[in-house]
$ cat query.cif   # mmCIF, N, CA and C atoms
data_input
loop_
_atom_site.group_PDB
_atom_site.id
_atom_site.type_symbol
_atom_site.label_atom_id
_atom_site.label_comp_id
_atom_site.auth_asym_id
_atom_site.auth_seq_id
_atom_site.Cartn_x
_atom_site.Cartn_y
_atom_site.Cartn_z
ATOM 1 N N MET A 12 10.179 13.239 1.662
ATOM 2 C CA MET A 12 9.229 12.166 1.538
ATOM 3 C C MET A 12 8.128 12.582 0.570
ATOM 4 N N LYS A 13 7.706 11.630 -0.257
ATOM 5 C CA LYS A 13 6.598 11.862 -1.186
ATOM 6 C C LYS A 13 5.614 10.712 -1.051
ATOM 7 N N THR A 14 4.359 11.014 -1.363
ATOM 8 C CA THR A 14 3.338 9.969 -1.385
ATOM 9 C C THR A 14 2.563 10.062 -2.690
ATOM 10 N N ALA A 15 2.082 8.913 -3.126
ATOM 11 C CA ALA A 15 1.197 8.835 -4.284
ATOM 12 C C ALA A 15 0.085 7.871 -3.909
ATOM 13 N N THR A 16 -1.138 8.253 -4.236
ATOM 14 C CA THR A 16 -2.303 7.449 -3.878
ATOM 15 C C THR A 16 -2.935 6.880 -5.129
ATOM 16 N N ARG A 17 -3.334 5.609 -5.052
ATOM 17 C CA ARG A 17 -4.011 4.957 -6.176
ATOM 18 C C ARG A 17 -5.051 3.988 -5.645
ATOM 19 N N GLU A 18 -5.967 3.624 -6.516
ATOM 20 C CA GLU A 18 -7.045 2.697 -6.160
ATOM 21 C C GLU A 18 -6.869 1.393 -6.925
ATOM 22 N N GLN A 19 -7.163 0.288 -6.244
ATOM 23 C CA GLN A 19 -7.144 -1.009 -6.914
ATOM 24 C C GLN A 19 -8.090 -1.950 -6.183
ATOM 25 N N THR A 20 -9.029 -2.506 -6.912
ATOM 26 C CA THR A 20 -10.009 -3.472 -6.400
ATOM 27 C C THR A 20 -10.613 -3.055 -5.058
ATOM 28 N N GLY A 21 -11.111 -1.833 -4.994
ATOM 29 C CA GLY A 21 -11.788 -1.359 -3.795
ATOM 30 C C GLY A 21 -10.871 -1.033 -2.623
ATOM 31 N N THR A 22 -9.595 -0.958 -2.887
ATOM 32 C CA THR A 22 -8.600 -0.669 -1.853
ATOM 33 C C THR A 22 -7.814 0.570 -2.251
ATOM 34 N N THR A 23 -7.522 1.421 -1.281
ATOM 35 C CA THR A 23 -6.651 2.556 -1.525
ATOM 36 C C THR A 23 -5.225 2.158 -1.150
ATOM 37 N N ILE A 24 -4.298 2.421 -2.066
ATOM 38 C CA ILE A 24 -2.883 2.131 -1.846
ATOM 39 C C ILE A 24 -2.139 3.450 -1.810
ATOM 40 N N VAL A 25 -1.342 3.653 -0.766
ATOM 41 C CA VAL A 25 -0.507 4.839 -0.664
ATOM 42 C C VAL A 25 0.949 4.383 -0.781
ATOM 43 N N ASP A 26 1.613 4.846 -1.836
ATOM 44 C CA ASP A 26 3.022 4.557 -2.053
ATOM 45 C C ASP A 26 3.834 5.664 -1.392
ATOM 46 N N VAL A 27 4.723 5.290 -0.497
ATOM 47 C CA VAL A 27 5.537 6.257 0.244
ATOM 48 C C VAL A 27 6.986 6.129 -0.220
ATOM 49 N N THR A 28 7.605 7.267 -0.519
ATOM 50 C CA THR A 28 8.998 7.298 -0.956
ATOM 51 C C THR A 28 9.769 8.269 -0.072
ATOM 52 N N GLY A 29 10.920 7.835 0.439
ATOM 53 C CA GLY A 29 11.762 8.711 1.251
ATOM 54 C C GLY A 29 11.669 8.394 2.725
ATOM 55 N N ASP A 30 12.375 9.174 3.517
ATOM 56 C CA ASP A 30 12.418 8.959 4.960
ATOM 57 C C ASP A 30 11.173 9.515 5.636
ATOM 58 N N ILE A 31 10.760 8.823 6.695
ATOM 59 C CA ILE A 31 9.636 9.291 7.512
ATOM 60 C C ILE A 31 10.233 9.733 8.839
ATOM 61 N N ASP A 32 10.257 11.046 9.049
ATOM 62 C CA ASP A 32 10.856 11.597 10.258
ATOM 63 C C ASP A 32 9.987 12.738 10.788
ATOM 64 N N MET A 33 10.506 13.473 11.758
ATOM 65 C CA MET A 33 9.725 14.537 12.386
ATOM 66 C C MET A 33 9.253 15.579 11.375
ATOM 67 N N GLY A 34 10.037 15.819 10.360
ATOM 68 C CA GLY A 34 9.673 16.813 9.363
ATOM 69 C C GLY A 34 8.623 16.340 8.376
ATOM 70 N N THR A 35 8.557 15.042 8.141
ATOM 71 C CA THR A 35 7.640 14.516 7.118
ATOM 72 C C THR A 35 6.449 13.748 7.680
ATOM 73 N N SER A 36 6.549 13.301 8.924
ATOM 74 C CA SER A 36 5.465 12.469 9.454
ATOM 75 C C SER A 36 4.111 13.175 9.549
ATOM 76 N N PRO A 37 4.041 14.486 9.828
ATOM 77 C CA PRO A 37 2.718 15.130 9.838
ATOM 78 C C PRO A 37 2.012 15.047 8.477
ATOM 79 N N ASP A 38 2.769 15.231 7.390
ATOM 80 C CA ASP A 38 2.166 15.124 6.054
ATOM 81 C C ASP A 38 1.718 13.696 5.774
ATOM 82 N N LEU A 39 2.523 12.721 6.183
ATOM 83 C CA LEU A 39 2.137 11.322 5.982
ATOM 84 C C LEU A 39 0.874 11.003 6.767
ATOM 85 N N ARG A 40 0.832 11.429 8.020
ATOM 86 C CA ARG A 40 -0.347 11.183 8.856
ATOM 87 C C ARG A 40 -1.598 11.766 8.207
ATOM 88 N N LYS A 41 -1.498 12.994 7.722
ATOM 89 C CA LYS A 41 -2.638 13.653 7.078
ATOM 90 C C LYS A 41 -3.078 12.877 5.838
ATOM 91 N N THR A 42 -2.126 12.488 5.007
ATOM 92 C CA THR A 42 -2.448 11.741 3.785
ATOM 93 C C THR A 42 -3.120 10.416 4.121
ATOM 94 N N LEU A 43 -2.573 9.691 5.087
ATOM 95 C CA LEU A 43 -3.135 8.381 5.435
ATOM 96 C C LEU A 43 -4.519 8.513 6.062
ATOM 97 N N LEU A 44 -4.703 9.482 6.939
ATOM 98 C CA LEU A 44 -6.022 9.660 7.561
ATOM 99 C C LEU A 44 -7.074 10.072 6.533
ATOM 100 N N GLU A 45 -6.707 10.947 5.613
ATOM 101 C CA GLU A 45 -7.636 11.341 4.550
ATOM 102 C C GLU A 45 -7.974 10.156 3.656
ATOM 103 N N SER A 46 -6.981 9.371 3.316
ATOM 104 C CA SER A 46 -7.209 8.193 2.463
ATOM 105 C C SER A 46 -8.074 7.170 3.174
ATOM 106 N N LEU A 47 -7.885 7.018 4.471
ATOM 107 C CA LEU A 47 -8.645 6.049 5.248
ATOM 108 C C LEU A 47 -10.139 6.362 5.238
ATOM 109 N N LYS A 48 -10.484 7.642 5.174
ATOM 110 C CA LYS A 48 -11.899 8.045 5.161
ATOM 111 C C LYS A 48 -12.637 7.496 3.953
ATOM 112 N N LYS A 49 -11.913 7.234 2.860
ATOM 113 C CA LYS A 49 -12.538 6.910 1.584
ATOM 114 C C LYS A 49 -12.513 5.424 1.241
ATOM 115 N N THR A 50 -12.022 4.575 2.142
ATOM 116 C CA THR A 50 -11.842 3.174 1.783
ATOM 117 C C THR A 50 -12.016 2.270 2.997
ATOM 118 N N PRO A 51 -12.476 1.042 2.795
ATOM 119 C CA PRO A 51 -12.555 0.107 3.914
ATOM 120 C C PRO A 51 -11.201 -0.515 4.254
ATOM 121 N N ARG A 52 -10.255 -0.452 3.289
ATOM 122 C CA ARG A 52 -8.924 -1.024 3.512
ATOM 123 C C ARG A 52 -7.880 -0.102 2.912
ATOM 124 N N LEU A 53 -6.929 0.285 3.747
ATOM 125 C CA LEU A 53 -5.837 1.148 3.321
ATOM 126 C C LEU A 53 -4.555 0.327 3.344
ATOM 127 N N VAL A 54 -3.876 0.280 2.203
ATOM 128 C CA VAL A 54 -2.627 -0.458 2.070
ATOM 129 C C VAL A 54 -1.510 0.568 1.884
ATOM 130 N N VAL A 55 -0.462 0.446 2.685
ATOM 131 C CA VAL A 55 0.644 1.400 2.640
ATOM 132 C C VAL A 55 1.898 0.685 2.153
ATOM 133 N N ASN A 56 2.416 1.176 1.033
ATOM 134 C CA ASN A 56 3.619 0.625 0.418
ATOM 135 C C ASN A 56 4.832 1.361 0.984
ATOM 136 N N LEU A 57 5.639 0.638 1.774
ATOM 137 C CA LEU A 57 6.822 1.230 2.395
ATOM 138 C C LEU A 57 8.112 0.742 1.739
ATOM 139 N N ARG A 58 8.018 0.191 0.555
ATOM 140 C CA ARG A 58 9.177 -0.373 -0.140
ATOM 141 C C ARG A 58 10.295 0.641 -0.338
ATOM 142 N N GLU A 59 9.944 1.913 -0.591
ATOM 143 C CA GLU A 59 10.942 2.952 -0.862
ATOM 144 C C GLU A 59 11.273 3.794 0.365
ATOM 145 N N VAL A 60 10.890 3.307 1.548
ATOM 146 C CA VAL A 60 11.208 4.000 2.805
ATOM 147 C C VAL A 60 12.419 3.313 3.422
ATOM 148 N N LYS A 61 13.485 4.068 3.606
ATOM 149 C CA LYS A 61 14.721 3.511 4.160
ATOM 150 C C LYS A 61 14.871 3.798 5.648
ATOM 151 N N TYR A 62 14.131 4.795 6.161
ATOM 152 C CA TYR A 62 14.293 5.214 7.551
ATOM 153 C C TYR A 62 12.959 5.705 8.090
ATOM 154 N N VAL A 63 12.670 5.332 9.334
ATOM 155 C CA VAL A 63 11.498 5.860 10.022
ATOM 156 C C VAL A 63 11.892 6.108 11.479
ATOM 157 N N ASP A 64 11.524 7.293 11.992
ATOM 158 C CA ASP A 64 11.845 7.598 13.385
ATOM 159 C C ASP A 64 10.594 7.479 14.248
ATOM 160 N N SER A 65 10.723 7.847 15.516
ATOM 161 C CA SER A 65 9.608 7.666 16.450
ATOM 162 C C SER A 65 8.379 8.462 16.056
ATOM 163 N N SER A 66 8.552 9.623 15.444
ATOM 164 C CA SER A 66 7.379 10.402 15.024
ATOM 165 C C SER A 66 6.668 9.706 13.866
ATOM 166 N N GLY A 67 7.424 9.047 12.997
ATOM 167 C CA GLY A 67 6.820 8.267 11.923
ATOM 168 C C GLY A 67 6.051 7.074 12.451
ATOM 169 N N ILE A 68 6.628 6.397 13.440
ATOM 170 C CA ILE A 68 5.944 5.273 14.081
ATOM 171 C C ILE A 68 4.661 5.766 14.749
ATOM 172 N N ALA A 69 4.742 6.898 15.428
ATOM 173 C CA ALA A 69 3.562 7.460 16.093
ATOM 174 C C ALA A 69 2.460 7.760 15.080
ATOM 175 N N SER A 70 2.822 8.275 13.919
ATOM 176 C CA SER A 70 1.819 8.560 12.881
ATOM 177 C C SER A 70 1.159 7.271 12.403
ATOM 178 N N LEU A 71 1.956 6.229 12.194
ATOM 179 C CA LEU A 71 1.389 4.945 11.760
ATOM 180 C C LEU A 71 0.465 4.365 12.831
ATOM 181 N N VAL A 72 0.859 4.487 14.098
ATOM 182 C CA VAL A 72 0.015 3.993 15.193
ATOM 183 C C VAL A 72 -1.290 4.776 15.254
ATOM 184 N N GLU A 73 -1.224 6.084 15.047
ATOM 185 C CA GLU A 73 -2.443 6.901 15.066
ATOM 186 C C GLU A 73 -3.403 6.484 13.947
ATOM 187 N N VAL A 74 -2.866 6.229 12.766
ATOM 188 C CA VAL A 74 -3.702 5.792 11.643
ATOM 189 C C VAL A 74 -4.287 4.405 11.925
ATOM 190 N N LEU A 75 -3.487 3.511 12.510
ATOM 191 C CA LEU A 75 -3.986 2.186 12.871
ATOM 192 C C LEU A 75 -5.127 2.292 13.880
ATOM 193 N N LYS A 76 -4.963 3.144 14.873
ATOM 194 C CA LYS A 76 -6.008 3.341 15.878
ATOM 195 C C LYS A 76 -7.301 3.852 15.240
ATOM 196 N N GLU A 77 -7.166 4.807 14.342
ATOM 197 C CA GLU A 77 -8.344 5.341 13.640
ATOM 198 C C GLU A 77 -9.001 4.258 12.782
ATOM 199 N N ALA A 78 -8.191 3.453 12.114
ATOM 200 C CA ALA A 78 -8.736 2.364 11.293
ATOM 201 C C ALA A 78 -9.543 1.407 12.164
ATOM 202 N N ARG A 79 -9.007 1.052 13.295
ATOM 203 C CA ARG A 79 -9.717 0.113 14.186
ATOM 204 C C ARG A 79 -10.991 0.738 14.744
ATOM 205 N N ASN A 80 -10.929 2.024 15.085
ATOM 206 C CA ASN A 80 -12.124 2.708 15.591
ATOM 207 C C ASN A 80 -13.239 2.744 14.551
ATOM 208 N N LYS A 81 -12.860 2.831 13.281
ATOM 209 C CA LYS A 81 -13.844 2.904 12.187
ATOM 210 C C LYS A 81 -14.115 1.537 11.560
ATOM 211 N N GLU A 82 -13.555 0.471 12.190
ATOM 212 C CA GLU A 82 -13.710 -0.894 11.696
ATOM 213 C C GLU A 82 -13.218 -1.036 10.257
ATOM 214 N N LYS A 83 -12.071 -0.441 10.011
ATOM 215 C CA LYS A 83 -11.401 -0.530 8.713
ATOM 216 C C LYS A 83 -10.066 -1.231 8.912
ATOM 217 N N ARG A 84 -9.384 -1.510 7.808
ATOM 218 C CA ARG A 84 -8.116 -2.228 7.886
ATOM 219 C C ARG A 84 -6.965 -1.379 7.367
ATOM 220 N N LEU A 85 -5.834 -1.505 8.037
ATOM 221 C CA LEU A 85 -4.586 -0.885 7.615
ATOM 222 C C LEU A 85 -3.585 -2.006 7.412
ATOM 223 N N VAL A 86 -3.032 -2.103 6.202
ATOM 224 C CA VAL A 86 -2.059 -3.143 5.875
ATOM 225 C C VAL A 86 -0.786 -2.465 5.380
ATOM 226 N N LEU A 87 0.345 -2.851 5.955
ATOM 227 C CA LEU A 87 1.645 -2.343 5.528
ATOM 228 C C LEU A 87 2.344 -3.421 4.713
ATOM 229 N N PHE A 88 3.087 -3.014 3.676
ATOM 230 C CA PHE A 88 3.891 -3.997 2.953
ATOM 231 C C PHE A 88 5.174 -3.361 2.440
ATOM 232 N N GLY A 89 6.111 -4.230 2.086
ATOM 233 C CA GLY A 89 7.361 -3.788 1.497
ATOM 234 C C GLY A 89 8.352 -3.211 2.493
ATOM 235 N N LEU A 90 8.281 -3.625 3.743
ATOM 236 C CA LEU A 90 9.183 -3.080 4.758
ATOM 237 C C LEU A 90 10.604 -3.587 4.531
ATOM 238 N N ASN A 91 11.557 -2.666 4.503
ATOM 239 C CA ASN A 91 12.954 -3.100 4.425
ATOM 240 C C ASN A 91 13.413 -3.480 5.829
ATOM 241 N N ALA A 92 14.625 -3.981 5.941
ATOM 242 C CA ALA A 92 15.120 -4.480 7.225
ATOM 243 C C ALA A 92 15.129 -3.410 8.309
ATOM 244 N N ALA A 93 15.516 -2.185 7.974
ATOM 245 C CA ALA A 93 15.602 -1.117 8.975
ATOM 246 C C ALA A 93 14.225 -0.774 9.542
ATOM 247 N N VAL A 94 13.237 -0.651 8.668
ATOM 248 C CA VAL A 94 11.883 -0.316 9.120
ATOM 249 C C VAL A 94 11.289 -1.483 9.907
ATOM 250 N N ARG A 95 11.495 -2.686 9.415
ATOM 251 C CA ARG A 95 10.992 -3.877 10.116
ATOM 252 C C ARG A 95 11.638 -3.979 11.507
ATOM 253 N N ASP A 96 12.938 -3.693 11.594
ATOM 254 C CA ASP A 96 13.634 -3.751 12.885
ATOM 255 C C ASP A 96 13.048 -2.760 13.876
ATOM 256 N N VAL A 97 12.747 -1.545 13.424
ATOM 257 C CA VAL A 97 12.151 -0.546 14.313
ATOM 258 C C VAL A 97 10.812 -1.053 14.837
ATOM 259 N N LEU A 98 9.990 -1.622 13.976
ATOM 260 C CA LEU A 98 8.691 -2.144 14.419
ATOM 261 C C LEU A 98 8.858 -3.330 15.356
ATOM 262 N N GLN A 99 9.853 -4.170 15.125
ATOM 263 C CA GLN A 99 10.084 -5.305 16.009
ATOM 264 C C GLN A 99 10.637 -4.857 17.358
ATOM 265 N N LEU A 100 11.568 -3.909 17.355
ATOM 266 C CA LEU A 100 12.139 -3.419 18.609
ATOM 267 C C LEU A 100 11.094 -2.746 19.490
ATOM 268 N N THR A 101 10.134 -2.084 18.864
ATOM 269 C CA THR A 101 9.066 -1.415 19.615
ATOM 270 C C THR A 101 7.893 -2.353 19.882
ATOM 271 N N ARG A 102 8.036 -3.590 19.460
ATOM 272 C CA ARG A 102 7.003 -4.630 19.627
ATOM 273 C C ARG A 102 5.702 -4.294 18.899
ATOM 274 N N LEU A 103 5.819 -3.473 17.867
ATOM 275 C CA LEU A 103 4.637 -3.103 17.086
ATOM 276 C C LEU A 103 4.456 -3.987 15.855
ATOM 277 N N ALA A 104 5.452 -4.801 15.536
ATOM 278 C CA ALA A 104 5.335 -5.666 14.359
ATOM 279 C C ALA A 104 4.162 -6.630 14.504
ATOM 280 N N ARG A 105 3.844 -6.998 15.731
ATOM 281 C CA ARG A 105 2.710 -7.917 15.920
ATOM 282 C C ARG A 105 1.373 -7.190 15.999
ATOM 283 N N ILE A 106 1.404 -5.878 16.135
ATOM 284 C CA ILE A 106 0.181 -5.073 16.188
ATOM 285 C C ILE A 106 -0.296 -4.723 14.777
ATOM 286 N N PHE A 107 0.651 -4.393 13.907
ATOM 287 C CA PHE A 107 0.322 -4.039 12.527
ATOM 288 C C PHE A 107 0.118 -5.284 11.689
ATOM 289 N N GLU A 108 -0.730 -5.165 10.699
ATOM 290 C CA GLU A 108 -0.888 -6.220 9.697
ATOM 291 C C GLU A 108 0.170 -5.951 8.625
ATOM 292 N N ILE A 109 1.160 -6.836 8.523
ATOM 293 C CA ILE A 109 2.300 -6.636 7.638
ATOM 294 C C ILE A 109 2.369 -7.769 6.629
ATOM 295 N N ARG A 110 2.532 -7.399 5.359
ATOM 296 C CA ARG A 110 2.688 -8.375 4.282
ATOM 297 C C ARG A 110 3.968 -8.052 3.519
ATOM 298 N N GLU A 111 4.483 -9.037 2.817
ATOM 299 C CA GLU A 111 5.727 -8.856 2.067
ATOM 300 C C GLU A 111 5.513 -8.092 0.762
ATOM 301 N N THR A 112 4.454 -8.437 0.018
ATOM 302 C CA THR A 112 4.242 -7.886 -1.323
ATOM 303 C C THR A 112 2.894 -7.189 -1.427
ATOM 304 N N GLU A 113 2.750 -6.410 -2.490
ATOM 305 C CA GLU A 113 1.475 -5.748 -2.760
ATOM 306 C C GLU A 113 0.377 -6.771 -2.999
ATOM 307 N N GLU A 114 0.688 -7.821 -3.718
ATOM 308 C CA GLU A 114 -0.305 -8.857 -4.004
ATOM 309 C C GLU A 114 -0.824 -9.480 -2.716
ATOM 310 N N GLU A 115 0.084 -9.796 -1.788
ATOM 311 C CA GLU A 115 -0.331 -10.352 -0.504
ATOM 312 C C GLU A 115 -1.170 -9.359 0.289
ATOM 313 N N ALA A 116 -0.798 -8.086 0.244
ATOM 314 C CA ALA A 116 -1.542 -7.053 0.964
ATOM 315 C C ALA A 116 -2.949 -6.902 0.402
ATOM 316 N N LEU A 117 -3.082 -6.998 -0.905
ATOM 317 C CA LEU A 117 -4.408 -6.862 -1.523
ATOM 318 C C LEU A 117 -5.279 -8.095 -1.270
ATOM 319 N N GLN A 118 -4.661 -9.236 -1.102
ATOM 320 C CA GLN A 118 -5.421 -10.459 -0.836
ATOM 321 C C GLN A 118 -5.753 -10.624 0.640
ATOM 322 N N ALA A 119 -5.062 -9.885 1.485
ATOM 323 C CA ALA A 119 -5.241 -10.045 2.948
ATOM 324 C C ALA A 119 -6.644 -9.656 3.380
#
$ encode --input "query.cif" --output "structure tokens"
Amino acid sequence: MKTATREQTGTTIVDVTGDIDMGTSPDLRKTLLESLKKTPRLVVNLREVKYVDSSGIASLVEVLKEARNKEKRLVLFGLNAAVRDVLQLTRLARIFEIRETEEEALQA
């Protein structure tokens, strides 16, 4: 898994590439939490993520919790069917703010 961080219109965007699993989720969690400190809205691009396991979901939930505690926003976009299914099966799809495209995420 790799991440790249960029700024656009006062928002931090983290592009994630590769699988999010037990081996990679700690690095993702660290990157997202660090990025969250510097922005009122963190947008996570999951377009290039094909697989996420329970540790990856736990990392996303932890970042969401921190965002809410700090009155910031976490927006996910670009979920493929497999990632969306995991969030729906765990009933987390309604907890996360999810958009289809980067443009929608930035306008949210």
$ axis_aligned_box --input "query.cif" --around "segment 64-80 of chain A" --padding-each-side "3 Å" --output "JSON"
{"center_x": -0.7, "center_y": 5.3, "center_z": 13.9, "size_x": 31.1, "size_y": 16.3, "size_z": 11.2}
$ resolve_selection --input "query.cif" --expression "the PyMOL selection byres ((chain A and resi 25) around 6.5)" --output "compact mmCIF listing (two decimals) with N, CA and C atoms, in the coordinates of the input"
# COMPACT_ATOMS: atom_id res chain seq x y z
N THR A 14 4.36 11.01 -1.36
CA THR A 14 3.34 9.97 -1.38
C THR A 14 2.56 10.06 -2.69
N ALA A 15 2.08 8.91 -3.13
CA ALA A 15 1.20 8.84 -4.28
C ALA A 15 0.08 7.87 -3.91
N THR A 16 -1.14 8.25 -4.24
CA THR A 16 -2.30 7.45 -3.88
C THR A 16 -2.94 6.88 -5.13
N ARG A 17 -3.33 5.61 -5.05
CA ARG A 17 -4.01 4.96 -6.18
C ARG A 17 -5.05 3.99 -5.64
N THR A 23 -7.52 1.42 -1.28
CA THR A 23 -6.65 2.56 -1.52
C THR A 23 -5.22 2.16 -1.15
N ILE A 24 -4.30 2.42 -2.07
CA ILE A 24 -2.88 2.13 -1.85
C ILE A 24 -2.14 3.45 -1.81
N ASP A 26 1.61 4.85 -1.84
CA ASP A 26 3.02 4.56 -2.05
C ASP A 26 3.83 5.66 -1.39
N VAL A 27 4.72 5.29 -0.50
CA VAL A 27 5.54 6.26 0.24
C VAL A 27 6.99 6.13 -0.22
N LEU A 53 -6.93 0.28 3.75
CA LEU A 53 -5.84 1.15 3.32
C LEU A 53 -4.56 0.33 3.34
N VAL A 54 -3.88 0.28 2.20
CA VAL A 54 -2.63 -0.46 2.07
C VAL A 54 -1.51 0.57 1.88
N VAL A 55 -0.46 0.45 2.68
CA VAL A 55 0.64 1.40 2.64
C VAL A 55 1.90 0.68 2.15
N ASN A 56 2.42 1.18 1.03
CA ASN A 56 3.62 0.62 0.42
C ASN A 56 4.83 1.36 0.98
$ resolve_selection --input "query.cif" --expression "the PyMOL selection byres (((chain A and resi 116 and name CA) around 12) and name CA)" --output "list in words"
Gln19, Thr20, Thr22, Thr23, Ile24, Arg52, Leu53, Val54, Val55, Asn56, Leu57, Arg84, Leu85, Val86, Leu87, Phe88, Gly89, Glu108, Ile109, Arg110, Glu111, Thr112, Glu113, Glu114, Glu115, Leu117, Gln118 and Ala119 of chain A
$ residues_around --input "query.cif" --residues "Val74 of chain A" --least-positions-apart "2" --cutoff "8 Å" --atoms "all atoms listed in the file" --output "list of chain:residue names"
A:Arg40, A:Leu43, A:Leu44, A:Ile68, A:Ala69, A:Ser70, A:Leu71, A:Val72, A:Lys76, A:Glu77, A:Ala78, A:Arg79, A:Asn80, A:Arg84, A:Leu85
$ residues_around --input "query.cif" --residues "Thr28 of chain A" --least-positions-apart "6" --cutoff "5 Å" --atoms "only N, CA and C atoms" --output "PyMOL selection string"
chain A and resi 12-13+59
